[in-house]
Amino acid sequence: MSPETPSGQAVARHGWVQALSTVLAGLLTMGVVAALGLWAAGATDLPGGAFPRVVTATVVTAVGGTVKLADTKAGLTVIPLSVALAGALATAAAFLRPLRHRAVASAAELAGWAARIAVLWLLGLIGLALGARQKFSISLGNGTLGDIGDLLGVSPEVGFEADVGQTVLFGLLWLAGVLVLALLVSPGAPLPARLLRFHASVRPAAYAVVALLLAYVALGIVVCLVVAATRGQVTQSLALILLGMPNLVWLALTIGLGATWNGRVHGPFGLPMPHLLDEVLRTPDVSTLNLRSIAAYDGRVWWLLVVNAVLLLSAAFLMAVRSPSHIRAWQHAVHLAVAFALAVLMICLVGRISAHYGLSLLGIGDVGGGLSGDLFLKPKLWSAVGLAAVWGFVAGFLGALVARPVRRRGEAEIPARSRRPA
């Protein structure tokens with residue numbers, strides 16, 4: 001039986017054992033990245049042996065799940081995108097491995113392979129959601145509040161628990177998005193025969209945009225390591241890299257396009273970002289975060305325009321050289337405009353941050369105003385998406401012109417080495 005057929009050995013190569021390895025690859029990768037990041041952030045010092053539960057809760061939020069903060073006047077909405085990105089890359093690689101070296105696969109075969117993974121992924125999500133819960137007491141110190149607590153024999157408790165229903169729902173949607181994107185981006189992944197006509201228009205653009213996003217993350221890691229080496233902030237830099245690097249660099253990407261985010265920081269805690277941005281947002285009212293507002297504090301922010309232009313033109317060039325030669329420049333422009341607009345839409349949806357916090361004693365009042373506060377960061381969504389479409393269109397057109405002398409000639413929808421025999 002040929003390995004290119006949707007039965008026999010081909011199906012055997014992506015059965016339940018392979019599905020289990022795919023699920024474990026994603027979850028274990030996220031667990032390791034989250035644990036290292038939280039260790040660097042000092043979470044191992046949490047009372048009550050809460051560290052493993054906090055790691056589990058971090059993985060839950062990374063796949064889109066919800067963790068509720070109990071027994072506090074607090075709420076938190078943030079996705080640790082470094083953890084999510086690492087898990088997505090590991091899951092996608094394991095998902096595609098049994099499908100490599102093939103150009104065509106039936107829709108039923110791909111659906112069956114994805115369904116096996118989804119079933120085991122569902123069980124993993126339920127286990128994570130049930131394990132992501134913990135309560136521990138907070139010391140009131142030696143002042144008046146501490147004396148009251150000792151007298152009454154009480155102390156404020158901080159607790160969290162995952163919402164099982166929302167974790168399962170959004171975790172399955174996260175998995176579906178990863179698997180679909182893996183098929184769209186990988187040039188060697190098989191598609192159903194009816195979808196092969198989209199190979200030339202969708203895959204090069206998807207591949208280029210994903211490469212652009214990963215390039216931003218890589219650039220951010222390099223900058224962070226340089227800062228760590230020159231300023232000695234090793235653990236802080238490591239925590240940022242392992243927990244929130246995409247949150248920061250993809251925010252910078254949208255700001256470099258001209259997009260605007262609204263936000264506010266109030267209280268003793270701040271956003272997981274450089275002090276400059278925290279300073280811009282720490283105002284009595286809602287602040288505007290864009291190139292102009294940041295430039296009032298540091299004019300070097302205008303270099304984001306240059307970085308965006310260079311990396312986006314590079315992505316456009318990459319898209320063009322991976323496309324068949326018959327595709328025209330305006331078509332490249334449209335393809336990149338759509339793909340980049342969708343990418344920025346994703347960034348705006350997953351990059352939001354919202355938090356309000358405060359501790360209560362016996363459910364009455366706030367335990368010290370110094371521990372209360374709120375912070376949030378949200379984009380002007382559709383203006384950001386529109387700007388991304390304009391940037392993508394212009395860059396796609398210019399990239400196609402630059403790539404014209406080096407483009408491949410002739411048809412290239414299906415690599416010749418992996419065509420299915422008639």
# chains A, B, ... in the order shown; residues from 1 in each chain; ligands from 1
>>> select_by_dssp(residues="segment 174-390 of chain A", states="strand (DSSP E)", output="list in words")
Trp261, Asn262, Gly263, Arg264, Val265, His266, Ser287, Thr288, Leu289, Ile353, Ser354, Ala355, His356, Tyr357, Gly373, Asp374, Leu375, Phe376, Leu377, Lys378 and Pro379 of chain A
>>> write_last_selection(atoms="N, CA and C atoms", output="mmCIF file, in the first residue's frame")
data_model
loop_
_atom_site.group_PDB
_atom_site.id
_atom_site.type_symbol
_atom_site.label_atom_id
_atom_site.label_comp_id
_atom_site.auth_asym_id
_atom_site.auth_seq_id
_atom_site.Cartn_x
_atom_site.Cartn_y
_atom_site.Cartn_z
ATOM 1 N N TRP A 261 -3.950 52.352 20.982
ATOM 2 C CA TRP A 261 -4.488 51.570 22.090
ATOM 3 C C TRP A 261 -4.869 52.534 23.198
ATOM 4 N N ASN A 262 -5.938 52.230 23.896
ATOM 5 C CA ASN A 262 -6.341 53.006 25.061
ATOM 6 C C ASN A 262 -6.061 52.192 26.316
ATOM 7 N N GLY A 263 -5.617 52.867 27.373
ATOM 8 C CA GLY A 263 -5.308 52.127 28.590
ATOM 9 C C GLY A 263 -5.152 53.031 29.787
ATOM 10 N N ARG A 264 -4.986 52.396 30.927
ATOM 11 C CA ARG A 264 -4.789 53.124 32.174
ATOM 12 C C ARG A 264 -4.099 52.207 33.168
ATOM 13 N N VAL A 265 -3.201 52.765 33.939
ATOM 14 C CA VAL A 265 -2.541 52.041 35.016
ATOM 15 C C VAL A 265 -2.762 52.830 36.298
ATOM 16 N N HIS A 266 -3.350 52.177 37.287
ATOM 17 C CA HIS A 266 -3.608 52.832 38.561
ATOM 18 C C HIS A 266 -3.329 51.839 39.683
ATOM 19 N N SER A 287 -5.678 56.883 28.988
ATOM 20 C CA SER A 287 -4.595 57.426 28.169
ATOM 21 C C SER A 287 -4.615 56.817 26.771
ATOM 22 N N THR A 288 -3.991 57.525 25.867
ATOM 23 C CA THR A 288 -3.849 57.060 24.492
ATOM 24 C C THR A 288 -2.422 56.589 24.274
ATOM 25 N N LEU A 289 -2.297 55.405 23.732
ATOM 26 C CA LEU A 289 -0.975 54.837 23.475
ATOM 27 C C LEU A 289 -0.798 54.693 21.969
ATOM 28 N N ILE A 353 -5.455 43.472 27.796
ATOM 29 C CA ILE A 353 -5.163 43.212 29.207
ATOM 30 C C ILE A 353 -6.185 43.960 30.043
ATOM 31 N N SER A 354 -6.710 43.291 31.042
ATOM 32 C CA SER A 354 -7.650 43.924 31.958
ATOM 33 C C SER A 354 -7.456 43.329 33.335
ATOM 34 N N ALA A 355 -7.332 44.173 34.338
ATOM 35 C CA ALA A 355 -7.152 43.682 35.713
ATOM 36 C C ALA A 355 -7.643 44.727 36.689
ATOM 37 N N HIS A 356 -8.310 44.261 37.730
ATOM 38 C CA HIS A 356 -8.618 45.098 38.882
ATOM 39 C C HIS A 356 -8.407 44.234 40.118
ATOM 40 N N TYR A 357 -7.906 44.821 41.182
ATOM 41 C CA TYR A 357 -7.475 44.010 42.299
ATOM 42 C C TYR A 357 -7.656 44.764 43.611
ATOM 43 N N GLY A 373 -6.221 48.682 42.938
ATOM 44 C CA GLY A 373 -5.922 49.374 41.700
ATOM 45 C C GLY A 373 -6.567 48.693 40.525
ATOM 46 N N ASP A 374 -6.327 49.247 39.364
ATOM 47 C CA ASP A 374 -6.844 48.629 38.144
ATOM 48 C C ASP A 374 -5.939 49.024 36.990
ATOM 49 N N LEU A 375 -5.955 48.213 35.987
ATOM 50 C CA LEU A 375 -5.214 48.508 34.768
ATOM 51 C C LEU A 375 -5.904 47.821 33.598
ATOM 52 N N PHE A 376 -5.795 48.436 32.452
ATOM 53 C CA PHE A 376 -6.341 47.811 31.255
ATOM 54 C C PHE A 376 -5.636 48.366 30.027
ATOM 55 N N LEU A 377 -5.722 47.623 28.956
ATOM 56 C CA LEU A 377 -5.138 48.023 27.684
ATOM 57 C C LEU A 377 -5.964 47.381 26.577
ATOM 58 N N LYS A 378 -6.552 48.188 25.730
ATOM 59 C CA LYS A 378 -7.373 47.652 24.644
ATOM 60 C C LYS A 378 -7.191 48.517 23.399
ATOM 61 N N PRO A 379 -7.304 47.922 22.208
ATOM 62 C CA PRO A 379 -7.023 48.656 20.974
ATOM 63 C C PRO A 379 -8.268 49.315 20.391
#
>>> closest_residue(among="A:Gly64, A:Gly87, A:Gly396, A:Gly15", to="Gly31 of chain A", atoms="only C-alpha atoms")
A:Gly87
>>> closest_residue(among="A:Ala320, A:Ala111, A:Val306, A:Leu130", to="Arg203 of chain A", atoms="only C-alpha atoms")
A:Ala320
>>> atom_distance(atom1="atom CA of Val55 of chain A", atom2="atom CA of Leu214 of chain A")
24.2 Å
>>> closest_residue(among="A:Arg300, A:His275, A:Arg404, A:Arg282", to="Arg322 of chain A", atoms="only C-alpha atoms")
A:Arg404
>>> select_by_dssp(residues="segment 140-374 of chain A", states="alpha helix (DSSP H)", output="count of residues only")
141
>>> residues_around(residues="Ala193 of chain A", least_positions_apart="4", cutoff="8 Å", atoms="only C-alpha atoms", output="list in words")
Val104, Ala105 and Ser106 of chain A
>>> atom_distance(atom1="atom CA of Ser314 of chain A", atom2="atom CA of Ala206 of chain A")
13.9 Å
>>> closest_residue(among="A:Arg102, A:Ala34, A:Val280, A:Leu212", to="Leu191 of chain A", atoms="only C-alpha atoms")
A:Arg102
>>> residues_around(residues="Val209 of chain A", least_positions_apart="2", cutoff="12 Å", atoms="only C-alpha atoms", output="PyMOL selection string")
chain A and resi 181+184-185+202-207+211-216+311-319+335-344+388+392+395-396
>>> write_last_selection(atoms="N, CA, C and O atoms", output="compact mmCIF listing (two decimals), in the first residue's frame")
# COMPACT_ATOMS: atom_id res chain seq x y z
N LEU A 181 -4.33 26.60 10.93
CA LEU A 181 -3.21 27.46 10.53
C LEU A 181 -2.00 26.63 10.13
O LEU A 181 -1.27 27.00 9.19
N LEU A 184 -2.51 25.65 6.65
CA LEU A 184 -2.40 26.78 5.73
C LEU A 184 -0.96 27.22 5.52
O LEU A 184 -0.58 27.63 4.42
N VAL A 185 -0.15 27.14 6.57
CA VAL A 185 1.20 27.69 6.51
C VAL A 185 2.20 26.71 5.91
O VAL A 185 3.06 27.09 5.12
N VAL A 202 -3.23 31.29 -0.92
CA VAL A 202 -3.34 31.36 0.54
C VAL A 202 -2.03 31.03 1.23
O VAL A 202 -1.58 31.76 2.13
N ARG A 203 -1.40 29.94 0.83
CA ARG A 203 -0.24 29.47 1.59
C ARG A 203 0.95 30.43 1.59
O ARG A 203 1.53 30.67 2.65
N PRO A 204 1.35 31.00 0.47
CA PRO A 204 2.49 31.93 0.55
C PRO A 204 2.22 33.12 1.45
O PRO A 204 3.10 33.54 2.21
N ALA A 205 1.01 33.67 1.40
CA ALA A 205 0.68 34.82 2.24
C ALA A 205 0.64 34.42 3.71
O ALA A 205 1.16 35.14 4.58
N ALA A 206 0.02 33.29 4.01
CA ALA A 206 -0.04 32.82 5.40
C ALA A 206 1.36 32.55 5.94
O ALA A 206 1.69 32.92 7.08
N TYR A 207 2.19 31.90 5.13
CA TYR A 207 3.55 31.59 5.55
C TYR A 207 4.33 32.88 5.83
O TYR A 207 5.04 32.98 6.84
N ALA A 211 5.81 34.09 9.42
CA ALA A 211 7.25 34.37 9.51
C ALA A 211 7.50 35.77 10.04
O ALA A 211 8.43 36.00 10.84
N LEU A 212 6.68 36.74 9.63
CA LEU A 212 6.81 38.11 10.12
C LEU A 212 6.58 38.19 11.63
O LEU A 212 7.35 38.82 12.37
N LEU A 213 5.52 37.53 12.11
CA LEU A 213 5.22 37.55 13.53
C LEU A 213 6.34 36.89 14.35
O LEU A 213 6.72 37.37 15.41
N LEU A 214 6.85 35.78 13.83
CA LEU A 214 7.95 35.09 14.54
C LEU A 214 9.22 35.93 14.50
O LEU A 214 10.01 35.91 15.46
N ALA A 215 9.44 36.66 13.40
CA ALA A 215 10.62 37.53 13.32
C ALA A 215 10.55 38.63 14.37
O ALA A 215 11.58 38.99 14.98
N TYR A 216 9.36 39.16 14.61
CA TYR A 216 9.21 40.17 15.66
C TYR A 216 9.54 39.59 17.02
O TYR A 216 10.19 40.24 17.85
N LEU A 311 10.61 44.85 7.84
CA LEU A 311 10.16 43.48 8.05
C LEU A 311 8.95 43.14 7.19
O LEU A 311 8.83 42.01 6.69
N LEU A 312 8.05 44.09 6.99
CA LEU A 312 6.88 43.80 6.16
C LEU A 312 7.26 43.66 4.69
O LEU A 312 6.72 42.80 3.98
N LEU A 313 8.19 44.48 4.22
CA LEU A 313 8.67 44.32 2.84
C LEU A 313 9.40 42.99 2.68
O LEU A 313 9.30 42.34 1.63
N SER A 314 10.14 42.58 3.70
CA SER A 314 10.80 41.28 3.65
C SER A 314 9.77 40.15 3.57
O SER A 314 9.95 39.18 2.82
N ALA A 315 8.69 40.27 4.35
CA ALA A 315 7.63 39.27 4.29
C ALA A 315 6.97 39.25 2.92
O ALA A 315 6.63 38.18 2.39
N ALA A 316 6.76 40.43 2.33
CA ALA A 316 6.17 40.51 1.00
C ALA A 316 7.07 39.86 -0.05
O ALA A 316 6.59 39.15 -0.95
N PHE A 317 8.36 40.10 0.06
CA PHE A 317 9.31 39.48 -0.86
C PHE A 317 9.28 37.96 -0.70
O PHE A 317 9.27 37.21 -1.69
N LEU A 318 9.25 37.49 0.55
CA LEU A 318 9.19 36.05 0.81
C LEU A 318 7.92 35.45 0.22
O LEU A 318 7.96 34.37 -0.39
N MET A 319 6.81 36.13 0.37
CA MET A 319 5.55 35.64 -0.20
C MET A 319 5.64 35.54 -1.72
O MET A 319 5.20 34.55 -2.32
N HIS A 335 -3.49 39.65 -1.47
CA HIS A 335 -3.25 38.50 -0.60
C HIS A 335 -2.60 38.92 0.72
O HIS A 335 -3.03 38.50 1.81
N LEU A 336 -1.56 39.76 0.64
CA LEU A 336 -0.86 40.17 1.85
C LEU A 336 -1.73 41.11 2.69
O LEU A 336 -1.69 41.06 3.92
N ALA A 337 -2.52 41.96 2.02
CA ALA A 337 -3.40 42.86 2.77
C ALA A 337 -4.40 42.07 3.62
O ALA A 337 -4.61 42.37 4.79
N VAL A 338 -5.00 41.05 3.04
CA VAL A 338 -5.97 40.24 3.77
C VAL A 338 -5.29 39.47 4.89
O VAL A 338 -5.77 39.46 6.04
N ALA A 339 -4.18 38.83 4.58
CA ALA A 339 -3.49 38.02 5.59
C ALA A 339 -2.99 38.87 6.75
O ALA A 339 -3.12 38.50 7.92
N PHE A 340 -2.43 40.03 6.45
CA PHE A 340 -1.88 40.88 7.50
C PHE A 340 -2.99 41.51 8.33
O PHE A 340 -2.86 41.66 9.55
N ALA A 341 -4.10 41.87 7.69
CA ALA A 341 -5.23 42.41 8.43
C ALA A 341 -5.78 41.38 9.41
O ALA A 341 -6.13 41.70 10.56
N LEU A 342 -5.87 40.12 8.98
CA LEU A 342 -6.34 39.07 9.87
C LEU A 342 -5.36 38.86 11.03
O LEU A 342 -5.78 38.60 12.17
N ALA A 343 -4.06 38.95 10.73
CA ALA A 343 -3.07 38.79 11.80
C ALA A 343 -3.20 39.90 12.84
O ALA A 343 -3.13 39.64 14.05
N VAL A 344 -3.37 41.13 12.40
CA VAL A 344 -3.51 42.24 13.34
C VAL A 344 -4.83 42.13 14.12
O VAL A 344 -4.89 42.47 15.31
N ALA A 388 -3.54 47.94 8.92
CA ALA A 388 -2.80 46.74 8.53
C ALA A 388 -3.09 46.36 7.08
O ALA A 388 -2.19 45.96 6.34
N GLY A 392 -0.28 46.21 4.31
CA GLY A 392 -0.10 44.94 3.62
C GLY A 392 -0.24 45.08 2.12
O GLY A 392 0.52 44.46 1.36
N ALA A 395 2.94 47.00 0.80
CA ALA A 395 4.12 46.15 0.90
C ALA A 395 4.03 44.97 -0.05
O ALA A 395 5.03 44.58 -0.67
N GLY A 396 2.84 44.39 -0.18
CA GLY A 396 2.67 43.26 -1.10
C GLY A 396 2.96 43.64 -2.54
O GLY A 396 3.59 42.87 -3.28
>>> atom_distance(atom1="atom CA of Trp303 of chain A", atom2="atom CA of Leu251 of chain A")
14.5 Å
>>> residues_around(residues="Trp330 of chain A", least_positions_apart="3", cutoff="10 Å", atoms="only C-alpha atoms", output="PyMOL selection string")
chain A and resi 327+333-336+393-394+396-398+400-401
>>> residues_around(residues="Leu257 of chain A", least_positions_apart="6", cutoff="9 Å", atoms="only C-alpha atoms", output="PDB file with N, CA and C atoms, in the first residue's frame")
ATOM      1  N   LEU A 291       2.092  56.226  18.501  1.00  0.00           N
ATOM      2  CA  LEU A 291       3.422  56.751  18.199  1.00  0.00           C
ATOM      3  C   LEU A 291       3.616  58.157  18.752  1.00  0.00           C
ATOM      4  N   LEU A 304      10.095  52.516  15.067  1.00  0.00           N
ATOM      5  CA  LEU A 304       9.174  51.416  14.813  1.00  0.00           C
ATOM      6  C   LEU A 304       8.630  51.456  13.385  1.00  0.00           C
ATOM      7  N   LEU A 305       8.475  52.662  12.843  1.00  0.00           N
ATOM      8  CA  LEU A 305       8.042  52.782  11.448  1.00  0.00           C
ATOM      9  C   LEU A 305       9.045  52.121  10.511  1.00  0.00           C
ATOM     10  N   ASN A 308       8.972  48.259  11.008  1.00  0.00           N
ATOM     11  CA  ASN A 308       7.788  47.701  10.351  1.00  0.00           C
ATOM     12  C   ASN A 308       7.955  47.642   8.845  1.00  0.00           C
ATOM     13  N   ALA A 309       8.451  48.731   8.264  1.00  0.00           N
ATOM     14  CA  ALA A 309       8.592  48.781   6.811  1.00  0.00           C
ATOM     15  C   ALA A 309       9.567  47.716   6.316  1.00  0.00           C
ATOM     16  N   ALA A 384      -7.047  49.749  13.576  1.00  0.00           N
ATOM     17  CA  ALA A 384      -5.811  48.962  13.490  1.00  0.00           C
ATOM     18  C   ALA A 384      -5.870  47.973  12.336  1.00  0.00           C
ATOM     19  N   LEU A 387      -5.528  49.906   9.002  1.00  0.00           N
ATOM     20  CA  LEU A 387      -4.136  50.295   8.755  1.00  0.00           C
ATOM     21  C   LEU A 387      -3.300  49.099   8.311  1.00  0.00           C
ATOM     22  N   ALA A 388      -3.540  47.938   8.922  1.00  0.00           N
ATOM     23  CA  ALA A 388      -2.804  46.735   8.533  1.00  0.00           C
ATOM     24  C   ALA A 388      -3.092  46.362   7.084  1.00  0.00           C
ATOM     25  N   TRP A 391      -1.100  48.857   4.874  1.00  0.00           N
ATOM     26  CA  TRP A 391       0.321  48.497   4.897  1.00  0.00           C
ATOM     27  C   TRP A 391       0.566  47.210   4.108  1.00  0.00           C
TER      28      TRP A 391
END
>>> closest_residue(among="A:Gly351, A:Gly386, A:Gly399, A:Gly42", to="Thr77 of chain A", atoms="only C-alpha atoms")
A:Gly351
